[in-house]
Amino acid sequence: MSQALRPSPLKSQFAGKFFSQTGSGEATPATRMASSKGGNTTAHMNTLHQRLYHALNLGFRRVCNEKEKKWECTDIEIQRHVVRSISAFLDCFSRGTANNRLIKDSISDIAGALVFILGYKNRAVVGSAANVVIRLIRIVPPSILQSHSLDLVESLSPLLSCRQLEVSLPCAVALNAILLNMRETKEKEAWKVLEDARTVASVVGNLQKFSEGSVSVEWFQEMASLLSTVMLKWPLSRYSVWHNSSLMVLLESVSQKPDMGLRVATLKLYSSLALCGHGASELLDNGKLMLDMMISCMDESNPPNARIEGLKLAQRLATGNQECLKMINICSEPLVKATVEIMGKWFFSSGKLEHDHMSLLVEACKLALIARWEGEHHIYFWKYQISEALLSLVVENFRSLSLDCRMSLEEEVSVAEKVLNGNFLPSLRSYVWDIIGFLAAHCEEDFDSICIGDELRLNFLVTCACLTFSRSVQKGYQICQNDIMSASQSESASRAVLMMIYSPSKYISTRARVTLSFILGEDGEQNLNSLVNFLSYIPSSGGYVLPNVLQTTVCLVGLACYSSIPQYAGFILGHKGFEILLSFCSWYQRNRGNIGESSFAPYPQSTSEKRICCWVCPEDWDSKDAFLLYALLALAELVNHSFSEQNHAEEFSIKRENVKDRLCTTLQEIRDGTYGSGPRWYASHVLSYFGYYGFQHKLGKRLIGAFEDEECSDMRLLFASGNSVSVNKIILAVRCPTLLPPEKGARSGSMISSEKPQRTVQEIRMSANVDTLALVKLLEFAYSGYVEVESTTVKKLKTLARHCKSKVLLQMLCRRRPKWGSSIPRIDIPLALTPKLIHLSDFILVPKETIITGFNCRFCSSTSPHAHSHRVILSSGCEYLRALFRSGMQESNLDRLNVPVSWLGLTKLVNWFYCDELPKPPLGCKWNNMDTEAKLDELEAYVEIYSLTEWWIMEDLQNECAQVILSCLESARELSIKAIELAASFSMWKLVEAAAEHAAPIYHQLRDSGELDELDDELVNLIRTAAVHFSQQGC
Ligand SMILES: [Zn+2]
Ligand SMILES: [Zn+2]
């Protein structure tokens, strides 16, 4: 293609003569004038194009066949000449004229020559060559350069380590620009190139030169910018950066310098680092200085880009709940203050929005979504008057809005209507609703006192949200999912109203209810009717996908909101709303797999940034199974309504006896299933109306086996009636310590000796006031986290639960609504291993190592490795130990047991016994950067536990181990040979087979490298068979 236009050798020879006369490839003043005259531009371009080819032709070599040419010339003068000619040629173009055919057709020759010259690494030329690359990128659209980008990366990256700043600096700039524009499809290859050239190490080295003071601020900025780009695109590069402590120290000191350019550069670097969860956590561990600098950058006095970078870093650090809390614990007040100020103060400056101000507002709104998590930052949002800030984003000309406490609701609604019709800043609207919704959901009960002075604005926001929501309800079938902007507004306003209605603050929830029923007015029943009809259609249609995601959301949220208003609850109940909601829940359970995302619009709170790594983000309370949550909220309100009306509880049971069983079964399935925490909590909440309290967990089911088991108990509670129950001190100590007698001073119980010499059972006489049945129920809950209680006992149990400070049980007995975002309660048995309770430990587990340097027991003076534990917890989790402890054999009286696993394995094993969770090996970047030996140690621990579980008969744990082992092999195939050896040495053939399957794809590689030579023939055969099988399947 380029050949057709290439000037004939004759012409270029002529051009050459001309060239040699002027003696330079650079544009002379005369030619520059020509280019500016317009008329001569084309002629001028042609001339420079001819000169360019004259220069290029000096370096073309024919390769292989006659047709292809490659630019390869090692002569420095010619290289220099070519670089100048390209530069002069590029001078006549700008981004606007880059579509010229001359440039399009010569681009591959230009790029070829530059790639060769850069790759030849002659210091006299490479600097100016890199500068030409920079200009090329600025002029030519990325799509045209795409096919050369990998070659350019390959020739530029080795030059970064060049000591001459005038070489490495332009190379960094050029490389950065290329990488930023690189297509995703090429990223894998590009990473290979960068890795081979050790690019990250050279850039890090370059950054460190800054501390010597030998380089400029600009140098630091460019290197930092390049490193940020690399980390942004390639997660694998991140570990070596955040793991480099001297670099991190340097960054911290640089970030404290007053120069804004340096600060922005470090902010960008930190932001890219924080894409890795481990990196973010590391940054926050000693993050005070960094966070202070970040917040100071958000200040008004700084340029918009610095403020935006500050906001972006804060957003990244808040990707996960835990890290967000860490950040909030360090700087909640200044962070929230800065964010709210950006959102609310913009109209003071000019009243008009400039473009960069808009992006600033978007970033501030995104950051304000940290309100989705509980924490001390909430009070500061109110303190700095978030309502005002949000209103300024909803109401155009906010200052002219006069709110008056004498205004009637009717007047307020009509003002709100005008405001909403103005449709001011529509792109920010869904953030506004989400933020106010989350704030409402996490309010304290006594919230009113906090927002003094801000009520009028808050009220008006509530009104606007309710109005937006009821408009969506009224639109019904006309809601248009294709108009993303208004659709996501509908969606977030609906959710916001829901969170307001369910707010713990009576003030907000009452206000929302009153406003909603006022707006609904006379059309109320008609609207409700259509909601109920719509919902009844879904399960009855026989379909297995939702008809319309947005409409379903609005419908379910509508039912959840209206059910909380008594007059409407009655109406919904009367129109079979209860049965319809229940059918919807069952339908949802059956079709959960087909339903997918519960939100169709790009959900602003979603943390699903594509390029993050190593973040552990638990599902948000309401993002998983949101439809089910809304349906359950409505069900809960309807049940509550039926029960609260006097004598209607009876009626409910009689009228709905036929659905009661179905309801309870469905709810129990949801409560104990793998659903989101929100639906699980609400299922449990509704079940509490029918006498079922708590959650059933595996750990609880295990522990309840120890309750009233005389043989393993160490305490007996004696009742006035003469009955008694056997319990375990350690469980009481963890779950309801007030039941234990005071440890020091007078002991109320007498110590008696049991049959076995080592075991003593303490007896406690209970006061006659204590209700036996209620206490047994309380103990059941303490052991298992779950209990079924007849309504006649509830009152007595409440008193006991209050006395024992069993908060969770009390909340359920009082039928208090679950708090938004609260996690499923756990049985905190690990508390048993804390120093306060360790004296109750009665058994010691000893690993196979006898010496671990630096081993230090926190509880006793023994220096050989060991772990303290409790017989009752061990035996409840393991049949073998249970039998052993009560066998009466000599071992049953021992206080320690040798366990054939390493110390690492033993800690994991103990964790499983106490948390019902096998700790996983380090994740992501940490795992990938562990050396093979450390990985093998991890793997070995799991293999040992796996083998132990065969002997100790622990099937669940065995399955968990197998899963971990396989996922280790998945991520590190190089371990499979060792894993095979290891598993074979334990005679665990199932595991051997699984590992062989993992080795199968790399069988040939393994064979050729000789790694298989050390294995038994039998094992090699096994892998070969697996490999054959693999290749057959692959075909
Ligand atoms: Zn990572
Ligand atoms: Zn110890």
# chains A, B, ... in the order shown; residues from 1 in each chain; ligands from 1
>>> residues_near_ligand(ligand="ligand 2", cutoff="7 Å", atoms="only C-alpha atoms and all ligand atoms", output="tab-separated table (two decimals) with N, CA, C and O atoms, in the first residue's frame")
chain	number	residue	atom	x	y	z
A	857	CYS	N	4.10	-18.86	73.52
A	857	CYS	CA	2.69	-19.02	73.85
A	857	CYS	C	2.23	-17.79	74.64
A	857	CYS	O	2.92	-17.33	75.53
A	858	ARG	N	1.08	-17.27	74.26
A	858	ARG	CA	0.59	-16.09	74.96
A	858	ARG	C	0.02	-16.45	76.33
A	858	ARG	O	-0.26	-15.59	77.14
A	859	PHE	N	-0.15	-17.75	76.55
A	859	PHE	CA	-0.89	-18.12	77.77
A	859	PHE	C	-0.07	-18.90	78.79
A	859	PHE	O	-0.40	-18.91	79.95
A	860	CYS	N	0.96	-19.62	78.33
A	860	CYS	CA	1.72	-20.38	79.30
A	860	CYS	C	3.19	-20.28	78.96
A	860	CYS	O	3.58	-19.70	77.95
A	861	SER	N	4.04	-20.89	79.80
A	861	SER	CA	5.46	-20.66	79.63
A	861	SER	C	6.12	-21.72	78.74
A	861	SER	O	7.29	-21.63	78.43
A	862	SER	N	5.36	-22.73	78.34
A	862	SER	CA	5.95	-23.80	77.53
A	862	SER	C	6.46	-23.23	76.20
A	862	SER	O	5.77	-22.47	75.53
A	866	HIS	N	2.45	-25.59	70.68
A	866	HIS	CA	1.22	-26.24	71.12
A	866	HIS	C	0.05	-25.27	70.98
A	866	HIS	O	0.27	-24.06	70.90
A	867	ALA	N	-1.15	-25.79	70.94
A	867	ALA	CA	-2.33	-24.93	70.87
A	867	ALA	C	-3.32	-25.33	71.94
A	867	ALA	O	-3.62	-26.51	72.11
A	868	HIS	N	-3.82	-24.32	72.66
A	868	HIS	CA	-4.83	-24.61	73.70
A	868	HIS	C	-6.20	-24.77	73.06
A	868	HIS	O	-6.50	-24.12	72.07
>>> residues_around(residues="Arg307 in chain A", least_positions_apart="3", cutoff="6 Å", atoms="only C-alpha atoms", output="ChimeraX atom specification")
/A:297-298,304,310
>>> select_by_dssp(residues="range 776-911 of chain A", states="helix (DSSP H, G or I)", output="NGL selection string")
:A and (776-784 or 791-803 or 807-813 or 829-833 or 838-840 or 871-877 or 879-885 or 890-893 or 903-911)
>>> residues_near_ligand(ligand="ligand 1", cutoff="7 Å", atoms="only C-alpha atoms and all ligand atoms", output="count of residues only")
11
>>> atom_distance(atom1="CA of Val789 in chain A", atom2="CA of Gln811 in chain A")
14.4 Å
>>> residues_around(residues="Leu325 in chain A", least_positions_apart="6", cutoff="10 Å", atoms="only C-alpha atoms", output="list in words")
Leu317, Ala318, Cys331, Ser332, Ile370, Trp373, Glu374, Gly375, Glu376 and His377 of chain A
>>> closest_residue(among="A:His243, A:Leu582, A:Val616, A:Ala720", to="Gly320 in chain A", atoms="only C-alpha atoms")
A:Val616
>>> residues_around(residues="Gly877 in chain A", least_positions_apart="4", cutoff="12 Å", atoms="only C-alpha atoms", output="PyMOL selection string")
chain A and resi 698-706+870-873+881-883+909-917+949+952-957
>>> residues_around(residues="Ser281 in chain A", least_positions_apart="4", cutoff="10 Å", atoms="only C-alpha atoms", output="NGL selection string")
:A and (274 or 276-277 or 285-287 or 317 or 320 or 322-324 or 326-327 or 615)
>>> residues_around(residues="range 172-185 of chain A", least_positions_apart="2", cutoff="9 Å", atoms="only C-alpha atoms", output="ChimeraX atom specification")
/A:130-135,137-138,142-143,145-146,149-150,152-153,156-157,159-160,167-170,187-190,203,222-223,225-227,229-230,233
>>> write_last_selection(atoms="N, CA, C and O atoms", output="short mmCIF file (atom, residue, chain, number, x, y, z; two decimals), in the first residue's frame")
data_model
loop_
_atom_site.label_atom_id
_atom_site.label_comp_id
_atom_site.auth_asym_id
_atom_site.auth_seq_id
_atom_site.Cartn_x
_atom_site.Cartn_y
_atom_site.Cartn_z
N ALA A 130 12.92 9.35 20.49
CA ALA A 130 11.80 9.21 21.43
C ALA A 130 10.92 10.45 21.40
O ALA A 130 9.69 10.36 21.45
N ASN A 131 11.56 11.62 21.27
CA ASN A 131 10.77 12.85 21.17
C ASN A 131 9.88 12.85 19.93
O ASN A 131 8.76 13.34 19.95
N VAL A 132 10.41 12.28 18.84
CA VAL A 132 9.61 12.20 17.63
C VAL A 132 8.42 11.25 17.84
O VAL A 132 7.31 11.51 17.39
N VAL A 133 8.67 10.16 18.59
CA VAL A 133 7.56 9.24 18.89
C VAL A 133 6.46 9.98 19.65
O VAL A 133 5.27 9.83 19.35
N ILE A 134 6.88 10.81 20.60
CA ILE A 134 5.87 11.56 21.37
C ILE A 134 5.03 12.42 20.42
O ILE A 134 3.80 12.43 20.52
N ARG A 135 5.71 13.10 19.49
CA ARG A 135 4.95 13.94 18.57
C ARG A 135 4.05 13.12 17.68
O ARG A 135 2.91 13.50 17.39
N ILE A 137 2.60 10.37 18.41
CA ILE A 137 1.41 9.95 19.16
C ILE A 137 0.43 11.11 19.31
O ILE A 137 -0.77 10.94 19.26
N ARG A 138 1.00 12.31 19.48
CA ARG A 138 0.11 13.46 19.66
C ARG A 138 -0.66 13.77 18.39
O ARG A 138 -1.78 14.27 18.44
N PRO A 142 -4.82 7.15 17.71
CA PRO A 142 -4.34 5.87 18.25
C PRO A 142 -4.65 4.69 17.33
O PRO A 142 -3.84 3.76 17.22
N SER A 143 -5.80 4.74 16.66
CA SER A 143 -6.18 3.57 15.85
C SER A 143 -5.16 3.31 14.74
O SER A 143 -4.89 2.17 14.38
N LEU A 145 -1.95 4.02 14.87
CA LEU A 145 -0.68 3.54 15.42
C LEU A 145 -0.77 2.15 16.04
O LEU A 145 0.25 1.52 16.31
N GLN A 146 -2.01 1.68 16.28
CA GLN A 146 -2.22 0.45 17.02
C GLN A 146 -1.29 -0.69 16.59
O GLN A 146 -0.67 -1.35 17.41
N SER A 149 2.15 -0.52 18.04
CA SER A 149 2.35 -0.17 19.44
C SER A 149 3.24 -1.19 20.17
O SER A 149 4.11 -0.81 20.94
N LEU A 150 3.04 -2.48 19.87
CA LEU A 150 3.85 -3.48 20.58
C LEU A 150 5.33 -3.32 20.24
O LEU A 150 6.18 -3.40 21.13
N LEU A 152 6.87 -0.64 19.33
CA LEU A 152 7.37 0.56 19.99
C LEU A 152 7.62 0.31 21.48
O LEU A 152 8.64 0.72 22.03
N VAL A 153 6.67 -0.40 22.10
CA VAL A 153 6.85 -0.72 23.52
C VAL A 153 8.13 -1.52 23.71
O VAL A 153 8.94 -1.27 24.61
N LEU A 156 11.13 0.82 23.29
CA LEU A 156 11.23 1.93 24.26
C LEU A 156 11.56 1.45 25.68
O LEU A 156 12.34 2.09 26.37
N SER A 157 10.94 0.32 26.09
CA SER A 157 11.07 -0.02 27.51
C SER A 157 12.50 -0.27 27.98
O SER A 157 12.83 0.14 29.09
N LEU A 159 15.04 1.30 27.24
CA LEU A 159 15.74 2.57 27.33
C LEU A 159 15.44 3.33 28.62
O LEU A 159 16.09 4.31 28.94
N LEU A 160 14.42 2.86 29.35
CA LEU A 160 14.05 3.55 30.58
C LEU A 160 15.18 3.52 31.59
O LEU A 160 15.29 4.39 32.44
N VAL A 167 17.43 10.86 27.51
CA VAL A 167 16.94 9.67 26.80
C VAL A 167 15.76 9.06 27.56
O VAL A 167 14.68 8.87 27.03
N SER A 168 16.00 8.79 28.86
CA SER A 168 14.96 8.04 29.59
C SER A 168 13.68 8.84 29.77
O SER A 168 12.59 8.27 29.78
N LEU A 169 13.81 10.15 29.91
CA LEU A 169 12.60 10.95 30.13
C LEU A 169 11.63 10.90 28.93
O LEU A 169 10.48 10.50 29.09
N PRO A 170 12.10 11.26 27.70
CA PRO A 170 11.15 11.16 26.58
C PRO A 170 10.67 9.74 26.34
O PRO A 170 9.53 9.53 25.92
N GLU A 187 -3.09 -6.36 25.52
CA GLU A 187 -2.48 -6.14 26.83
C GLU A 187 -1.65 -7.32 27.30
O GLU A 187 -0.63 -7.16 27.94
N LYS A 188 -2.10 -8.50 26.96
CA LYS A 188 -1.39 -9.69 27.43
C LYS A 188 0.03 -9.73 26.84
O LYS A 188 1.01 -9.91 27.56
N GLU A 189 0.09 -9.52 25.52
CA GLU A 189 1.40 -9.53 24.88
C GLU A 189 2.27 -8.40 25.41
O GLU A 189 3.47 -8.57 25.64
N ALA A 190 1.63 -7.23 25.59
CA ALA A 190 2.39 -6.07 26.05
C ALA A 190 3.01 -6.34 27.41
O ALA A 190 4.16 -5.97 27.67
N VAL A 203 11.49 1.68 36.24
CA VAL A 203 10.76 2.90 36.60
C VAL A 203 10.87 3.15 38.10
O VAL A 203 11.08 4.29 38.53
N GLU A 222 6.67 12.38 35.45
CA GLU A 222 6.50 11.51 34.28
C GLU A 222 6.69 10.04 34.64
O GLU A 222 5.95 9.18 34.18
N MET A 223 7.69 9.77 35.48
CA MET A 223 7.93 8.38 35.87
C MET A 223 6.73 7.85 36.69
O MET A 223 6.28 6.73 36.51
N SER A 225 3.72 8.90 36.54
CA SER A 225 2.56 8.75 35.67
C SER A 225 2.67 7.43 34.88
O SER A 225 1.68 6.71 34.72
N LEU A 226 3.87 7.13 34.40
CA LEU A 226 4.07 5.87 33.67
C LEU A 226 3.77 4.67 34.56
O LEU A 226 3.05 3.74 34.19
N LEU A 227 4.31 4.73 35.79
CA LEU A 227 4.09 3.60 36.71
C LEU A 227 2.60 3.46 37.04
O LEU A 227 2.08 2.34 37.12
N THR A 229 0.12 4.17 35.10
CA THR A 229 -0.52 3.55 33.94
C THR A 229 -0.27 2.04 33.92
O THR A 229 -1.19 1.25 33.70
N VAL A 230 0.97 1.66 34.17
CA VAL A 230 1.29 0.22 34.16
C VAL A 230 0.48 -0.51 35.23
O VAL A 230 -0.11 -1.55 34.97
N LYS A 233 -3.22 -0.91 34.35
CA LYS A 233 -3.58 -1.90 33.34
C LYS A 233 -3.17 -3.32 33.70
O LYS A 233 -3.79 -4.27 33.27
#
>>> residues_around(residues="Ser392 in chain A", least_positions_apart="4", cutoff="10 Å", atoms="only C-alpha atoms", output="number ranges by chain")
A: 343-347, 386-388, 396-399, 401, 424-425
>>> closest_residue(among="A:Thr853, A:Asn302, A:Gln1032, A:Ser155", to="Trp903 in chain A", atoms="only C-alpha atoms")
A:Thr853
>>> atom_distance(atom1="CA of Val125 in chain A", atom2="CA of Arg80 in chain A")
6.0 Å
>>> atom_distance(atom1="CA of Met248 in chain A", atom2="CA of Ile342 in chain A")
29.3 Å
>>> closest_residue(among="A:Gln385, A:Ser503, A:Gln489, A:Ser713", to="Ser876 in chain A", atoms="only C-alpha atoms")
A:Ser713
